[in-house]
Amino acid sequence: VGTQDPGSMGTGVPASEQTSCAKGDPQVYCAKDTGDSEAVQVTDGESPEDSRSRDERGCSNQEDPGQLMASYEGRAKGYQVPPFGWRICLAHEFAEKRKPFNANDISLSNLIKHLGMGLRYLQWWYQKTQVEKKKPFIDLINSVPLRQIYGCPLGGIGGGTITRGWRGQFCRWQLNPGMYQHRTVIADQKCSVLKFTVCLRREGQTVYQQVLSVERPSVLRSWNWGLCGFFAFYHALYPRAWTVYQLPGQNVTLTCRQITPILPHDYQDSSLPVGVFVWDVENEGDEALDVSIMFSMRNGLGGGDDASGGLWNEPFCLERNGETIRGLLLHHPTLPNPYTMAVAARLTADTTVTHITAFDPDGTGQQVWQDLLQDGQLDSPAGRSTLSQKGVGIAGAVCVTSKLPPRGRCRLEFSLAWDMPRIMFGAQGQVYYRRYTRFFGSDGDAAPALSHYALCQYADWEERISAWQSPVLDDRSLPAWYKSALFNELYFLADGGTVWLEVPEDSLPEELGGNMCQLRPLLTEYGRFGYLEGQEYRMYNTYDVHFYASFALIMLWPKLELSLQYDMALATLGEDLTWRRYLMSGVMAPVKRRNVIPHDIGDPDDEPWLRVNAYVIHDTADWKDLNLKFVLQVYRDYYLTGDQGFLRDMWPVCLAVMESEMKFDKDQDGLIENGGYADQTYDAWVTTGPSAYCGGLWLAAVAMMVQMAALCGTQDIRDKFSSILSRGQQAYERLLWNGRYYNYDCSSRPQSCSIMSDQCAGQWFLRASGLGEGETEVFPTQHVVRALQTIFEFNVQAFAGGTMGAVNGMQPQGVPDRSSVQSDEVWVGVVYGLAATMIQEGLTCEGFQTAEGCYRTVWERLGLGFQTPEAYCQKRVFRSLAYMRPLSIWAMQLALQQQHKKAEPNIQGTGLSTGSKLGPKEVMANPSPE
């Protein structure tokens, strides 16, 4: 111990008892198995009794043999690690290495179709990057490369996030709103120095000291890197994660539990930019130990982020209500969004907290390593550090030490908090305050208080998380993969470039919101919410995609969903007549027209909410789905919340957008027609004339207008939409139903007969809103069920052996529709919505089998956990990492809850609060705002 040879330093195991952890890396060593117990084969979150059970709905609940844990050679199961979630050995390597979709993956025929768009995009990309020095909202030239490393992000909703990878590295940062930095050891061979190190001492001598990281960076060479990954595993059940380390030869097991306050229906703690790390250290030996955990962190992310210098660190101590924490503040004053990071630990009667204020993260790290090695503590200098020099990094570390009795356990607690209270978006035109400043102030000095609060409250957070998740986790009828997917896909609500902002009352336009009674009180009380379409598709609140993702928001934080809807209504009533050229068509048109739903609320690298519609591929004023999706979501949100004032406020906007939509029914048969280009969310898949997707959305929206007109006491409007609905239903069935499914569209092209997996989206929303059957039936039930069975047979089972979900388009001959670059893709969020529709119609087993293919592909085969993409093809490629749409898995949960509660007027249970006790049929003709 203490030598500078990185290959042998700090294992604490005699050379005669070391064996290669090899399997490819002879430089990494771990202890030989002593033979006193067998290696444990652990599956991805199943319990033995679950693996033997059968789903009460008739679906097999048998899990696969746990490929992600096949490399695990340890015996340790960890301290209170739950049975369900996503589990992976730190030594696992994903065999399949896919690449991002690019121009080389486009067929010649599709390349010719999009040649003009490609040339215009290159011209626009050059202007944006080389002239304006901005990042394109979609960068098709520099896609984010595949890194199969991500784990649960830290941080609540809207305050920024830091992602810790499943191998222990901190690798994805989103502190500046909506703008991501991917910093990893592997990527640039520099160390972010956000690491944990363990030191064990027996009888006053250090016997083991190890960085808990499998990487080997080119910096801090004096540190003992290269942890043996075969004796450690990671387990994620968002918003918590566990990493279990069995220390070779030491009879010691470390369990690091990571906790973030993601708390449904909580609008305070859920906004906090904090994370907690709880280390439970178990001594399985007969000798007492002193154990130390050191948490080291760089001030900044390296590179241009901190190259200008002027950064400094300082120690702090905060005592409140009998609880004391100590740590370091890392001040990062770089404009336009300065922040302070706090690394802190709880001081108790059984622990000692020490620190080192500053060291060079790009040097050898010899001084820090030897300081810890000497006595298991750091030297704790007083006072702040000097300012960092230009181009020179600065880091600090906090260490907690405790005694570990024989056969005993001790607990060490850390927090990580960051305080960036005031933010500016890329255009730097306006200052905004984050939501958490309402509770912790906006002066930039809240990091100590945030740290203290997190360390004192995390136990309560865990109780509330457990109470929320347990009804799902304890339901033996649900397969283990679904329990993992349902909660882990929620990562995107915090890590989707998310912002949650305070809204000063005087910032709301009087002329646009004057008729909305609840607009001001709701936005001022609950703030303004925005999340990106995807980490690579950088547009806030992309509405055609939010249509799918919104189930998570309305079920878990319904006030944020309503806030988003009010913002969308305001943007709908506004206009921006600035002309610009659209890349697909080359046509010049205004940015935003009045009384049409915008595509998005803006680009974080510009000025969102003030300048909407960052999307420049199409002029979305002529899209056929956006207006309809607003009406569908308004009624669904009203149905699930019982908020009558919201319905009253949205009713005039619904009328306005439906009036705009009616111009697309050119032959007055009650059914809208698509325009012969990709004029809906499938923005590269041409649709002509009446279509299954947009036609179905139209009929569902008209049916909801009938319901809303009745609720609002406008009989003439109800009669008008009832007449449209009757005529439209007849046209839809006559033009599109072929006896087995609804045709893709009514064009003369061969692909018009394609089987679209998303053809029942209108019925999906109807049933989610308590409509679509009996007196409110829009699509014949037998047709819906037959179409879903056909989709299952062709798009699911006949595609990739039924193991990858549902392909978007399948020809009736049983081959994927390759007429566009999107028709032969699998869209994960669409598949989850399809599965929910199947569950609604009684095809529960088919729904679970359909969705399972996506989970297995994304999380277990492709290594895309916590970066679920928008799309993947059967082979080779994926597209748009970390995407909004897969949050639609919560529609499956809603469908299941509605099954259980069908006889009751209100849907209650896991994750859903209805608010008012009145259902839609009980609302009076003139509902009051209350």
# chains A, B, ... in the order shown; residues from 1 in each chain; ligands from 1
>>> select_by_dssp(residues="range 406-503 of chain A", states="helix (DSSP H, G or I)", output="number ranges by chain")
A: 437-440, 447-473, 480-488, 491-495
>>> residues_around(residues="range 840-849 of chain A", least_positions_apart="4", cutoff="9 Å", atoms="only C-alpha atoms", output="number ranges by chain")
A: 55, 57-60, 479, 482, 764, 767-768, 781, 784-785, 788-789, 792, 796, 802-803, 805, 832, 834-836, 853, 892, 895-896, 898-899
>>> atom_distance(atom1="CA of Val706 in chain A", atom2="CA of Trp651 in chain A")
11.5 Å
>>> select_by_dssp(residues="range 60-256 of chain A", states="strand (DSSP E or B)", output="MDAnalysis selection string")
chainID A and resid 60 86:89 99:100 138 153:154 161:164 170:174 181:182 195:202 205:211 232:237 240:247 252:256
>>> write_last_selection(atoms="C-alpha atoms", output="mmCIF file, in the first residue's frame")
data_model
loop_
_atom_site.group_PDB
_atom_site.id
_atom_site.type_symbol
_atom_site.label_atom_id
_atom_site.label_comp_id
_atom_site.auth_asym_id
_atom_site.auth_seq_id
_atom_site.Cartn_x
_atom_site.Cartn_y
_atom_site.Cartn_z
ATOM 1 C CA SER A 60 -45.607 -15.560 -18.223
ATOM 2 C CA TRP A 86 -32.166 -2.612 -13.420
ATOM 3 C CA ARG A 87 -29.095 -4.503 -12.241
ATOM 4 C CA ILE A 88 -25.726 -4.763 -13.983
ATOM 5 C CA CYS A 89 -22.261 -6.013 -13.062
ATOM 6 C CA LYS A 99 -23.942 3.954 -34.075
ATOM 7 C CA PRO A 100 -26.082 7.086 -34.332
ATOM 8 C CA ILE A 138 -30.655 19.306 -34.002
ATOM 9 C CA PRO A 153 -29.195 11.269 -12.596
ATOM 10 C CA LEU A 154 -28.856 13.390 -9.466
ATOM 11 C CA THR A 161 -28.813 17.382 -13.223
ATOM 12 C CA ILE A 162 -25.585 15.435 -12.858
ATOM 13 C CA THR A 163 -25.630 11.848 -14.070
ATOM 14 C CA ARG A 164 -23.618 9.188 -12.318
ATOM 15 C CA PHE A 170 -19.958 11.198 -13.129
ATOM 16 C CA CYS A 171 -20.394 11.594 -16.830
ATOM 17 C CA ARG A 172 -23.275 13.807 -17.986
ATOM 18 C CA TRP A 173 -23.866 17.332 -16.769
ATOM 19 C CA GLN A 174 -26.790 19.695 -17.327
ATOM 20 C CA GLN A 181 -21.853 18.435 -21.411
ATOM 21 C CA HIS A 182 -20.673 14.857 -21.651
ATOM 22 C CA LYS A 195 -15.099 10.191 -7.295
ATOM 23 C CA PHE A 196 -15.321 8.146 -4.145
ATOM 24 C CA THR A 197 -12.282 6.511 -2.565
ATOM 25 C CA VAL A 198 -12.297 3.998 0.288
ATOM 26 C CA CYS A 199 -9.570 3.602 2.913
ATOM 27 C CA LEU A 200 -9.519 0.736 5.440
ATOM 28 C CA ARG A 201 -7.249 0.711 8.492
ATOM 29 C CA ARG A 202 -6.540 -2.048 11.014
ATOM 30 C CA GLN A 205 -2.219 0.820 9.664
ATOM 31 C CA THR A 206 -3.818 1.392 6.270
ATOM 32 C CA VAL A 207 -4.416 -2.019 4.705
ATOM 33 C CA TYR A 208 -6.512 -1.061 1.684
ATOM 34 C CA GLN A 209 -7.017 2.121 -0.301
ATOM 35 C CA GLN A 210 -8.846 2.172 -3.631
ATOM 36 C CA VAL A 211 -10.607 4.600 -5.940
ATOM 37 C CA ALA A 232 -19.316 -5.022 -7.883
ATOM 38 C CA PHE A 233 -22.751 -4.323 -9.300
ATOM 39 C CA TYR A 234 -25.122 -1.421 -9.853
ATOM 40 C CA HIS A 235 -28.864 -1.459 -9.218
ATOM 41 C CA ALA A 236 -31.215 1.320 -10.360
ATOM 42 C CA LEU A 237 -34.793 1.986 -9.365
ATOM 43 C CA ARG A 240 -32.704 5.754 -6.141
ATOM 44 C CA ALA A 241 -29.707 3.628 -7.100
ATOM 45 C CA TRP A 242 -27.416 1.239 -5.250
ATOM 46 C CA THR A 243 -23.800 0.320 -6.013
ATOM 47 C CA VAL A 244 -22.437 -2.692 -4.147
ATOM 48 C CA TYR A 245 -18.676 -3.252 -3.843
ATOM 49 C CA GLN A 246 -17.202 -6.415 -2.378
ATOM 50 C CA LEU A 247 -13.650 -5.461 -1.440
ATOM 51 C CA VAL A 252 -15.896 -5.776 3.738
ATOM 52 C CA THR A 253 -18.885 -4.852 1.578
ATOM 53 C CA LEU A 254 -19.770 -1.292 0.666
ATOM 54 C CA THR A 255 -23.289 -0.357 -0.412
ATOM 55 C CA CYS A 256 -23.637 3.160 -1.769
#
>>> residues_around(residues="Arg734 in chain A", least_positions_apart="6", cutoff="12 Å", atoms="only C-alpha atoms", output="ChimeraX atom specification")
/A:669,671,690-692,727-728,742-743,746
>>> residues_around(residues="Val877 in chain A", least_positions_apart="3", cutoff="9 Å", atoms="only C-alpha atoms", output="ChimeraX atom specification")
/A:98-102,105,871-874
>>> atom_distance(atom1="CA of Gln707 in chain A", atom2="CA of Met662 in chain A")
18.1 Å
>>> closest_residue(among="A:Ser296, A:Ser107, A:Gln67, A:Ser143", to="Gln169 in chain A", atoms="only C-alpha atoms")
A:Ser296
>>> residues_around(residues="range 269-285 of chain A", least_positions_apart="4", cutoff="6 Å", atoms="only C-alpha atoms", output="PyMOL selection string")
chain A and resi 154-157+159+251-263+406-418+436
>>> write_last_selection(atoms="N, CA and C atoms", output="mmCIF file, in the first residue's frame")
data_model
loop_
_atom_site.group_PDB
_atom_site.id
_atom_site.type_symbol
_atom_site.label_atom_id
_atom_site.label_comp_id
_atom_site.auth_asym_id
_atom_site.auth_seq_id
_atom_site.Cartn_x
_atom_site.Cartn_y
_atom_site.Cartn_z
ATOM 1 N N LEU A 154 -28.663 12.692 -10.734
ATOM 2 C CA LEU A 154 -28.856 13.390 -9.466
ATOM 3 C C LEU A 154 -29.556 14.711 -9.735
ATOM 4 N N GLY A 155 -30.343 15.132 -8.773
ATOM 5 C CA GLY A 155 -30.992 16.429 -8.882
ATOM 6 C C GLY A 155 -32.482 16.294 -9.100
ATOM 7 N N GLY A 156 -33.246 17.173 -8.454
ATOM 8 C CA GLY A 156 -34.686 17.175 -8.621
ATOM 9 C C GLY A 156 -35.090 17.759 -9.960
ATOM 10 N N ILE A 157 -36.320 18.186 -10.056
ATOM 11 C CA ILE A 157 -36.887 18.648 -11.321
ATOM 12 C C ILE A 157 -36.584 20.127 -11.517
ATOM 13 N N GLY A 159 -33.732 21.963 -11.670
ATOM 14 C CA GLY A 159 -32.596 22.690 -11.118
ATOM 15 C C GLY A 159 -31.270 22.281 -11.710
ATOM 16 N N ASN A 251 -13.082 -8.837 3.536
ATOM 17 C CA ASN A 251 -14.311 -9.183 4.261
ATOM 18 C C ASN A 251 -15.162 -7.941 4.542
ATOM 19 N N VAL A 252 -15.144 -7.027 3.603
ATOM 20 C CA VAL A 252 -15.896 -5.776 3.738
ATOM 21 C C VAL A 252 -16.741 -5.575 2.478
ATOM 22 N N THR A 253 -17.990 -5.186 2.684
ATOM 23 C CA THR A 253 -18.885 -4.852 1.578
ATOM 24 C C THR A 253 -19.374 -3.428 1.745
ATOM 25 N N LEU A 254 -19.270 -2.659 0.693
ATOM 26 C CA LEU A 254 -19.770 -1.292 0.666
ATOM 27 C C LEU A 254 -21.056 -1.254 -0.160
ATOM 28 N N THR A 255 -22.072 -0.611 0.354
ATOM 29 C CA THR A 255 -23.289 -0.357 -0.412
ATOM 30 C C THR A 255 -23.523 1.144 -0.425
ATOM 31 N N CYS A 256 -23.395 1.724 -1.604
ATOM 32 C CA CYS A 256 -23.637 3.160 -1.769
ATOM 33 C C CYS A 256 -25.051 3.352 -2.317
ATOM 34 N N ARG A 257 -25.866 4.033 -1.552
ATOM 35 C CA ARG A 257 -27.247 4.310 -1.974
ATOM 36 C C ARG A 257 -27.348 5.767 -2.391
ATOM 37 N N GLN A 258 -27.832 5.989 -3.586
ATOM 38 C CA GLN A 258 -27.969 7.340 -4.146
ATOM 39 C C GLN A 258 -29.448 7.714 -4.138
ATOM 40 N N ILE A 259 -29.761 8.889 -3.611
ATOM 41 C CA ILE A 259 -31.148 9.303 -3.420
ATOM 42 C C ILE A 259 -31.339 10.705 -3.988
ATOM 43 N N THR A 260 -32.403 10.861 -4.763
ATOM 44 C CA THR A 260 -32.785 12.166 -5.291
ATOM 45 C C THR A 260 -34.252 12.410 -4.935
ATOM 46 N N PRO A 261 -34.620 13.626 -4.541
ATOM 47 C CA PRO A 261 -36.006 13.880 -4.127
ATOM 48 C C PRO A 261 -36.977 14.037 -5.296
ATOM 49 N N ILE A 262 -37.299 12.947 -5.940
ATOM 50 C CA ILE A 262 -38.343 12.923 -6.962
ATOM 51 C C ILE A 262 -39.581 12.366 -6.289
ATOM 52 N N LEU A 263 -40.506 13.243 -5.914
ATOM 53 C CA LEU A 263 -41.611 12.900 -5.026
ATOM 54 C C LEU A 263 -42.927 13.329 -5.671
ATOM 55 N N PRO A 406 -16.237 -5.523 14.625
ATOM 56 C CA PRO A 406 -16.290 -6.857 14.026
ATOM 57 C C PRO A 406 -17.744 -7.279 13.803
ATOM 58 N N ARG A 407 -18.004 -7.850 12.630
ATOM 59 C CA ARG A 407 -19.345 -8.309 12.266
ATOM 60 C C ARG A 407 -20.377 -7.189 12.401
ATOM 61 N N GLY A 408 -19.925 -5.969 12.229
ATOM 62 C CA GLY A 408 -20.809 -4.825 12.431
ATOM 63 C C GLY A 408 -20.999 -4.029 11.151
ATOM 64 N N ARG A 409 -21.713 -2.923 11.306
ATOM 65 C CA ARG A 409 -22.019 -2.056 10.174
ATOM 66 C C ARG A 409 -21.965 -0.613 10.643
ATOM 67 N N CYS A 410 -21.500 0.265 9.760
ATOM 68 C CA CYS A 410 -21.553 1.698 10.043
ATOM 69 C C CYS A 410 -22.102 2.420 8.831
ATOM 70 N N ARG A 411 -22.515 3.657 9.030
ATOM 71 C CA ARG A 411 -23.133 4.441 7.955
ATOM 72 C C ARG A 411 -22.436 5.784 7.846
ATOM 73 N N LEU A 412 -22.092 6.154 6.599
ATOM 74 C CA LEU A 412 -21.458 7.436 6.286
ATOM 75 C C LEU A 412 -22.337 8.138 5.260
ATOM 76 N N GLU A 413 -22.607 9.441 5.481
ATOM 77 C CA GLU A 413 -23.598 10.143 4.662
ATOM 78 C C GLU A 413 -22.995 11.393 4.025
ATOM 79 N N PHE A 414 -23.142 11.487 2.705
ATOM 80 C CA PHE A 414 -22.682 12.647 1.938
ATOM 81 C C PHE A 414 -23.872 13.274 1.210
ATOM 82 N N SER A 415 -23.705 14.539 0.897
ATOM 83 C CA SER A 415 -24.652 15.193 -0.018
ATOM 84 C C SER A 415 -23.873 15.953 -1.076
ATOM 85 N N LEU A 416 -24.523 16.116 -2.206
ATOM 86 C CA LEU A 416 -24.007 16.961 -3.280
ATOM 87 C C LEU A 416 -25.125 17.928 -3.640
ATOM 88 N N ALA A 417 -24.835 19.207 -3.563
ATOM 89 C CA ALA A 417 -25.835 20.228 -3.878
ATOM 90 C C ALA A 417 -25.203 21.291 -4.761
ATOM 91 N N TRP A 418 -26.026 21.911 -5.594
ATOM 92 C CA TRP A 418 -25.523 23.009 -6.413
ATOM 93 C C TRP A 418 -26.564 24.122 -6.428
ATOM 94 N N TYR A 436 -36.662 26.322 -6.947
ATOM 95 C CA TYR A 436 -36.223 26.078 -5.574
ATOM 96 C C TYR A 436 -35.866 27.361 -4.827
#
>>> residues_around(residues="Pro590 in chain A", least_positions_apart="5", cutoff="12 Å", atoms="only C-alpha atoms", output="CSV table (one decimal) with C-alpha atoms, in the first residue's frame")
chain,number,residue,atom,x,y,z
A,575,GLU,CA,-48.1,35.1,-33.3
A,576,ASP,CA,-44.7,35.8,-34.7
A,577,LEU,CA,-44.9,37.0,-38.3
A,578,THR,CA,-41.1,37.0,-38.9
A,579,TRP,CA,-40.5,35.1,-42.1
A,580,ARG,CA,-38.0,32.3,-42.4
A,581,ARG,CA,-37.2,29.5,-44.8
A,582,TYR,CA,-38.2,25.9,-43.9
A,598,PRO,CA,-46.8,25.8,-31.8
A,612,VAL,CA,-41.4,29.8,-29.9
A,613,ASN,CA,-41.0,27.3,-32.7
A,616,VAL,CA,-37.3,24.8,-38.8
A,618,HIS,CA,-41.4,22.1,-41.5
A,619,ASP,CA,-43.9,24.9,-41.2
A,620,THR,CA,-46.0,23.3,-38.5
A,621,ALA,CA,-48.9,25.7,-38.9
A,622,ASP,CA,-50.0,23.2,-41.5
>>> residues_around(residues="Tyr615 in chain A", least_positions_apart="3", cutoff="8 Å", atoms="only C-alpha atoms", output="list of chain:residue names")
A:Phe137, A:Met539, A:His599, A:Asp600, A:His618
